[in-house]
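*Asks:* Before I ask anything, here is the structure I am working with.
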Amino acid sequence: MTHPENAAEFLKDAQKSKWHDETLWFVRDKRDKVSKGIPEWEQLRELASGIKDNVLANLADYLEEFERNATKNGIIVHWAADSEEHNRLVLEILQQQNCTAVVKSKSILTEECHLNPYLEKHGVEVVDTDLGERIVQFLNQPPSHIVLPAIHLKKGEISELFHEKLHTEKGNEDPAYLTQAARVHLREKFFAAKVAITGVNFGIAETGEFVVCTNEGNADMGVHLADVHIACMGIEKILPRRKDLGVFLRLLARSATGQPITNYNSHFRSPSPGKEIHLILVDNGRTAQLAREKFRNSLKCIRCGACMNTCPIYRRSGGFSYNSTVPGPIGSILSPGLDLKKHSSLPFASTLCGSCTDVCPVKINIHEQLYEWRQEVTKTQGEFAKGLSMKLANGIFKSPLAYKISGSLMRNALKSLPNSLIYHPLNVWGKNRNLPDAPKESFQQWYRKNRS
Amino acid sequence: MKANSPSVALFIPCYVDQFYPQVGIATLELLEKLGCKVTYPSGQTCCGQPLANAGYARDTVGTARHFIETFNDFDYVVCPSGSCTLHVKEHFPAIAGLEKEQEALEHKIYELIEFITDVLKIEKLEGKFPHRVGFHSSCHGQRGLHLSSGSELNQPPYNKARKLLENLAGLEWVELSRTDECCGFGGTFAVTEEALSIQMGKDRLADHREHKTEILTGGDMSCIMHLQGIATRSKQEMKFLHLAEILNQALS
């Protein structure tokens, strides 16, 4: 299904879509307030953007430096060219450990690689330990938002789900009660898992350490109880120096949820005695995107989700309408690079209002890239897909005479045609909207009569 | 205005020319009242934005060339639309052989309100408009041309249109809950994503209704055409005027 079809479906439940819009607007508003508490906010964004530009311009060097230092620290570093290689590497490590049950903290990269179904197919139980992730996992759904994975669900729906899966009281919607039930349930899984998988928010080239940010502490709980830690990291997540974190941690939490700081910013540098840390560096289309000059800087993304919260389209159509691992504005400029045909409607799921660009903590020009992807999408669709009106338009607009004739034809038609014809089902504009009343003359005609 | 009165060319967007001649007239009269020598080059057509935003920027070369040639001989080009102005400034394809002219155009084209505040340097307009006015901030005017501060950015608040409107005697400025959310017009978006477009428009109108807007105004008739179309269909009582119409009426 295309984005417009999915969006129309989502909007059918008017009450829920209004609630979805207001909930995410609340997060956006919180972000506005907390970011305005920092006088140097715009300078921080500028700085973060500059650091990431530097990273992307020297990515190969930083990655090698990172690998050298991580290896020196005792981390086992692996490279994966694509999702298949990534998944295979994870499975191999699990098999070496004779591990058939893993806990995982939130990682959009493993969603992107579809790691869960792959491991399950090979007999490994995967438990997502972030509360929202666990909820959508119970429902067999992907996350609908990269920071707030279950934001499309209301309390009542979660209460019902937990009643079924965790045997909580029917009808009890108290968030503290439901969270406690999830804690008890997850605690068992934490104790049982020999291997813990996490994502990575930042990898520091200078020190070979990496940083994982969570609000629930679930990454730490998983890692500390397991013998083996597998960290999956997109190659663009590099920062040159540890001190750069000061810029990014301040931006990330505020942009993501409006918090002054994420609850747990955990640094992983060396394995504890007798334990192992495996780090998998994943490309999966990133170097291809790096080679696309107009779209390169989409790789600056730190996955805060602010562009989703602010997007008037995302808020009213929900994350699933995008049918891509990363939804929303940033997803709409990343996903076409992975599969242009599948995601061809995404660059058009925008009014180009530019709000995404202005909230982005690393200053990705998201709306301009949406515009550029549109140009790419139409190239692949050929002349056939172009509407007749589009073909005519350039002919009309470059010729003043053709413009005058077609304009007056249109106005006269609008004046004389019956409403049943103007508001024909093919006229999508008129389905829920009136057309302006056609004036008796154009401005051009008025000007000629009155001023020349 | 400078003593030797530079020549101002009026650029009236195609849909304003065809559907809202009164906005073109108001723009012309307003600029004349402010002492400008205004000409409307009659060969003008459209800036090509509808095609470019639909993904066919490469097909707008002829349109852009015609535009640059039509407006080449003037000191300033003024347009009652932030969106079309932004398109000319930032999204015209590069026209071979007209590089110099194109660059000059990008620097001499202004949206009407910014022309009044930034070029004519008018801080206050003396006039009267005793109505409750709700301002719809067009995204391209605001985030593209920076005609007002954006709620996303950490910057001192400003709004060029508000500065001019608020000085009019009797005008009440409506404070909205969401000061700069998109109305959902978005050019072809209005048709390709019809359901979302309508919902976004309805939400903007609800914000204005809740805060008792009597007249909804803005710098882009395209947003207003969309909002008015929804309001009329659902029989909502609200008046819609372009900023040029309000300022021109207030000054008479």
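Ordered as shown in the structure tokens, chains take letters A, B, and onward, while each chain numbers its residues from 1 and ligands are numbered from 1 in the order shown.
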Could you make a table, as CSV, of the residues of chain A that have an atom within 7 Å of an atom of chain B, each with its nearest atom pair and distance in Å to one decimal, counting only C-alpha atoms, in chain and number order?
*Replies:*
```
residue,atom,partner,partner_atom,distance
A:Pro4,CA,B:Glu193,CA,5.1
A:Ala7,CA,B:Leu196,CA,6.8
A:Ala8,CA,B:Ala195,CA,5.4
A:Asp32,CA,B:Glu152,CA,6.3
A:Lys36,CA,B:Asn154,CA,5.5
A:Trp41,CA,B:Asn154,CA,6.5
A:Glu42,CA,B:Asn154,CA,6.4
A:Ile313,CA,B:Leu196,CA,6.9
A:Thr351,CA,B:Gly186,CA,4.2
A:Leu352,CA,B:Gly186,CA,6.9
A:Cys353,CA,B:Cys139,CA,5.1
A:Gly354,CA,B:Arg143,CA,6.4
A:Asp358,CA,B:Glu152,CA,5.8
A:Val359,CA,B:Glu152,CA,5.5
A:Tyr371,CA,B:Asn53,CA,6.5
A:Arg374,CA,B:Gly55,CA,4.5
A:Gln375,CA,B:Gly55,CA,4.1
A:Thr378,CA,B:Gly55,CA,5.7
A:Met390,CA,B:Leu51,CA,6.4
A:Asn394,CA,B:Thr60,CA,6.2
A:Phe397,CA,B:Thr45,CA,5.4
A:Lys398,CA,B:Thr63,CA,4.4
A:Pro400,CA,B:Gly43,CA,5.2
A:Tyr403,CA,B:Thr45,CA,6.4
A:Gly407,CA,B:Gln18,CA,6.4
A:Val428,CA,B:Val191,CA,5.7
A:Trp429,CA,B:Val191,CA,5.7
A:Asn432,CA,B:Ile230,CA,6.5
A:Arg433,CA,B:Ile230,CA,4.5
A:Asn434,CA,B:Gly229,CA,4.2
A:Leu435,CA,B:Gly229,CA,5.9
A:Pro436,CA,B:Met225,CA,6.7
A:Ala438,CA,B:Phe19,CA,5.8
A:Pro439,CA,B:Phe19,CA,6.1
A:Ser442,CA,B:Gln18,CA,4.9
A:Phe443,CA,B:Pro21,CA,4.2
A:Gln444,CA,B:Asp17,CA,6.5
```
*Asks:* Please dump the current selection as a compact mmCIF listing (two decimals), in the first residue's frame; keep C-alpha atoms.
*Replies:*
```txt
# COMPACT_ATOMS: atom_id res chain seq x y z
CA PRO A 4 -1.72 8.04 0.92
CA ALA A 7 -2.79 7.54 5.81
CA ALA A 8 -6.42 7.60 4.71
CA ASP A 32 10.68 23.17 22.29
CA LYS A 36 14.85 27.04 24.71
CA TRP A 41 21.06 25.63 21.44
CA GLU A 42 21.47 26.79 17.86
CA ILE A 313 1.98 14.17 8.35
CA THR A 351 4.08 19.39 2.23
CA LEU A 352 7.75 20.44 2.29
CA CYS A 353 6.86 22.60 5.28
CA GLY A 354 10.43 22.36 6.59
CA ASP A 358 14.40 23.10 11.85
CA VAL A 359 14.05 20.61 14.71
CA TYR A 371 12.32 17.57 -2.85
CA ARG A 374 10.98 13.52 -5.83
CA GLN A 375 13.13 14.45 -8.80
CA THR A 378 9.96 10.68 -11.34
CA MET A 390 1.95 18.20 -15.95
CA ASN A 394 5.47 23.53 -19.03
CA PHE A 397 3.88 28.44 -18.66
CA LYS A 398 6.65 29.20 -21.10
CA PRO A 400 2.29 33.88 -22.45
CA TYR A 403 -1.22 30.74 -20.62
CA GLY A 407 -6.54 30.51 -18.05
CA VAL A 428 -9.93 15.13 -5.91
CA TRP A 429 -9.59 18.75 -4.86
CA ASN A 432 -14.01 17.81 0.66
CA ARG A 433 -13.16 21.33 -0.44
CA ASN A 434 -14.82 23.99 -2.53
CA LEU A 435 -13.06 25.68 -5.39
CA PRO A 436 -12.74 29.44 -5.28
CA ALA A 438 -14.28 32.07 -10.62
CA PRO A 439 -13.88 35.84 -11.10
CA SER A 442 -8.11 37.72 -14.46
CA PHE A 443 -5.78 40.26 -12.89
CA GLN A 444 -4.03 40.52 -16.23
```
*Asks:* Output as a PyMOL selection string all residues of segment 62-247 of chain B that backbone DSSP marks as strand (DSSP E or B).
*Replies:* chain B and resi 76-79+109-111+128+132-136+148+159+169+172-173+215-218+239-242
*Asks:* Just to be explicit: take each residue in the selection above, keep C-alpha atoms, and write the result as a PDB file, in the first residue's frame.
*Replies:*
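Generated output (again-v6.pdb):
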```
ATOM      1  CA  TYR B  76      12.867  44.876  -7.852  1.00  0.00           C
ATOM      2  CA  VAL B  77      10.361  42.091  -8.333  1.00  0.00           C
ATOM      3  CA  VAL B  78       7.610  41.958  -5.710  1.00  0.00           C
ATOM      4  CA  CYS B  79       5.207  39.077  -5.257  1.00  0.00           C
ATOM      5  CA  ILE B 109      12.834  39.351  -5.788  1.00  0.00           C
ATOM      6  CA  TYR B 110      10.893  39.958  -2.580  1.00  0.00           C
ATOM      7  CA  GLU B 111       7.720  38.733  -1.000  1.00  0.00           C
ATOM      8  CA  LYS B 128      -7.491  51.391  10.687  1.00  0.00           C
ATOM      9  CA  ARG B 132     -10.119  40.179  15.023  1.00  0.00           C
ATOM     10  CA  VAL B 133      -7.463  38.851  12.696  1.00  0.00           C
ATOM     11  CA  GLY B 134      -5.957  35.362  12.778  1.00  0.00           C
ATOM     12  CA  PHE B 135      -2.658  34.992  10.930  1.00  0.00           C
ATOM     13  CA  HIS B 136      -1.853  31.847   9.001  1.00  0.00           C
ATOM     14  CA  SER B 148       8.769  35.267  11.079  1.00  0.00           C
ATOM     15  CA  ASN B 159       6.956  38.428  12.731  1.00  0.00           C
ATOM     16  CA  ALA B 169      -6.054  50.954  14.844  1.00  0.00           C
ATOM     17  CA  GLU B 172      -6.994  42.510  17.445  1.00  0.00           C
ATOM     18  CA  TRP B 173      -4.301  39.871  16.895  1.00  0.00           C
ATOM     19  CA  ILE B 215     -10.798  37.183   9.496  1.00  0.00           C
ATOM     20  CA  LEU B 216      -8.128  34.668   8.608  1.00  0.00           C
ATOM     21  CA  THR B 217      -5.230  36.176   6.715  1.00  0.00           C
ATOM     22  CA  GLY B 218      -1.835  35.236   5.414  1.00  0.00           C
ATOM     23  CA  LYS B 239     -13.714  35.532   6.356  1.00  0.00           C
ATOM     24  CA  PHE B 240     -10.523  35.103   4.381  1.00  0.00           C
ATOM     25  CA  LEU B 241      -8.327  37.918   3.106  1.00  0.00           C
ATOM     26  CA  HIS B 242      -4.773  38.183   1.848  1.00  0.00           C
TER      27      HIS B 242
END
```
*Asks:* Find the distance between atom CA of Ser137 of chain B and atom CA of Val34 of chain A and write it in Å to one decimal.
*Replies:*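 So the answer is 23.7 Å.
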*Asks:* Considering only C-alpha atoms, return as a list in words whatever protein or nucleic-acid residues lie within 8 Å of segment 169-181 of chain A, sequence-local ones (same chain, fewer than 4 positions apart) excluded.
*Replies:* Leu131, Lys155, Gly156, Ile158, Ser159, Glu160, Phe162, His163 and His185 of chain A
*Asks:* Please extract the residues of segment 47-127 of chain B with a backbone DSSP assignment of alpha helix (DSSP H) and present them as JSON, numbers by chain.
*Replies:* {"B": [49, 50, 51, 61, 62, 63, 64, 65, 66, 67, 68, 69, 70, 82, 83, 84, 85, 86, 99, 100, 101, 102, 103, 104, 105, 106, 107, 108, 112, 113, 114]}
*Asks:* Contacts of Asp207 of chain B at 9 Å or less, counting only C-alpha atoms, minus same-chain residues fewer than 5 places along, as a PyMOL selection string?
*Replies:* chain B and resi 176-178+202+212-213
*Asks:* Measure the distance from atom CA of Asn140 of chain A to atom CA of Arg303 of chain A in Å and round it to one decimal.
*Replies:*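 Between atom CA of Asn140 of chain A and atom CA of Arg303 of chain A the gap is 22.6 Å.
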*Asks:* Set the distance at 8 Å and use only C-alpha atoms: which residues neighbour His229 of chain A once local chain neighbours fewer than 2 positions away are removed? I'd like the list as number ranges by chain.
*Replies:* A: 195-198, 223, 226-227, 231, 276-278
*Asks:* Restricting it to N, CA and C atoms, dump the selection as a compact mmCIF listing (two decimals), in the first residue's frame.
*Replies:*
```txt
# COMPACT_ATOMS: atom_id res chain seq x y z
N VAL A 195 23.54 -14.26 26.47
CA VAL A 195 24.03 -13.24 25.53
C VAL A 195 23.04 -12.07 25.50
N ALA A 196 23.58 -10.86 25.49
CA ALA A 196 22.73 -9.67 25.38
C ALA A 196 23.13 -8.89 24.14
N ILE A 197 22.12 -8.46 23.40
CA ILE A 197 22.38 -7.66 22.19
C ILE A 197 21.94 -6.22 22.47
N THR A 198 22.78 -5.27 22.08
CA THR A 198 22.38 -3.86 22.18
C THR A 198 22.68 -3.16 20.86
N VAL A 223 23.34 -6.54 29.61
CA VAL A 223 24.78 -6.74 29.40
C VAL A 223 25.46 -7.25 30.66
N ALA A 226 24.75 -10.93 31.36
CA ALA A 226 25.14 -11.92 30.34
C ALA A 226 26.66 -12.10 30.31
N ASP A 227 27.08 -13.21 29.70
CA ASP A 227 28.52 -13.45 29.55
C ASP A 227 29.06 -12.75 28.31
N ALA A 231 27.20 -5.91 20.31
CA ALA A 231 26.74 -4.55 20.02
C ALA A 231 26.70 -4.36 18.51
N GLU A 276 32.93 -11.42 27.09
CA GLU A 276 33.30 -10.99 25.74
C GLU A 276 32.41 -9.84 25.27
N ILE A 277 33.02 -8.93 24.53
CA ILE A 277 32.21 -7.93 23.81
C ILE A 277 32.50 -8.09 22.32
N HIS A 278 31.43 -8.31 21.55
CA HIS A 278 31.56 -8.33 20.09
C HIS A 278 30.89 -7.08 19.54
```
*Asks:* Distance atom CA of Ser408 of chain A-atom CA of Glu441 of chain A, one decimal place?
*Replies:*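 Distance between the two atoms: 8.0 Å.
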*Asks:* Give me the residues near Ile122 of chain B as a short mmCIF file (atom, residue, chain, number, x, y, z; two decimals) with C-alpha atoms, in the first residue's frame, where near means some atom within 10 Å (using only C-alpha atoms) and where sequence neighbours in that chain fewer than 6 positions away do not count.
*Replies:*
```cif
data_model
loop_
_atom_site.label_atom_id
_atom_site.label_comp_id
_atom_site.auth_asym_id
_atom_site.auth_seq_id
_atom_site.Cartn_x
_atom_site.Cartn_y
_atom_site.Cartn_z
CA MET B 1 11.84 54.54 -1.19
CA LEU B 34 3.63 53.49 -0.40
CA ILE B 113 5.65 42.03 3.28
CA GLU B 114 9.43 41.73 3.40
CA PHE B 115 9.65 44.27 0.59
CA ILE B 116 7.68 46.72 2.74
CA LYS B 163 4.53 44.23 13.03
CA LEU B 164 2.60 45.89 10.21
#
```
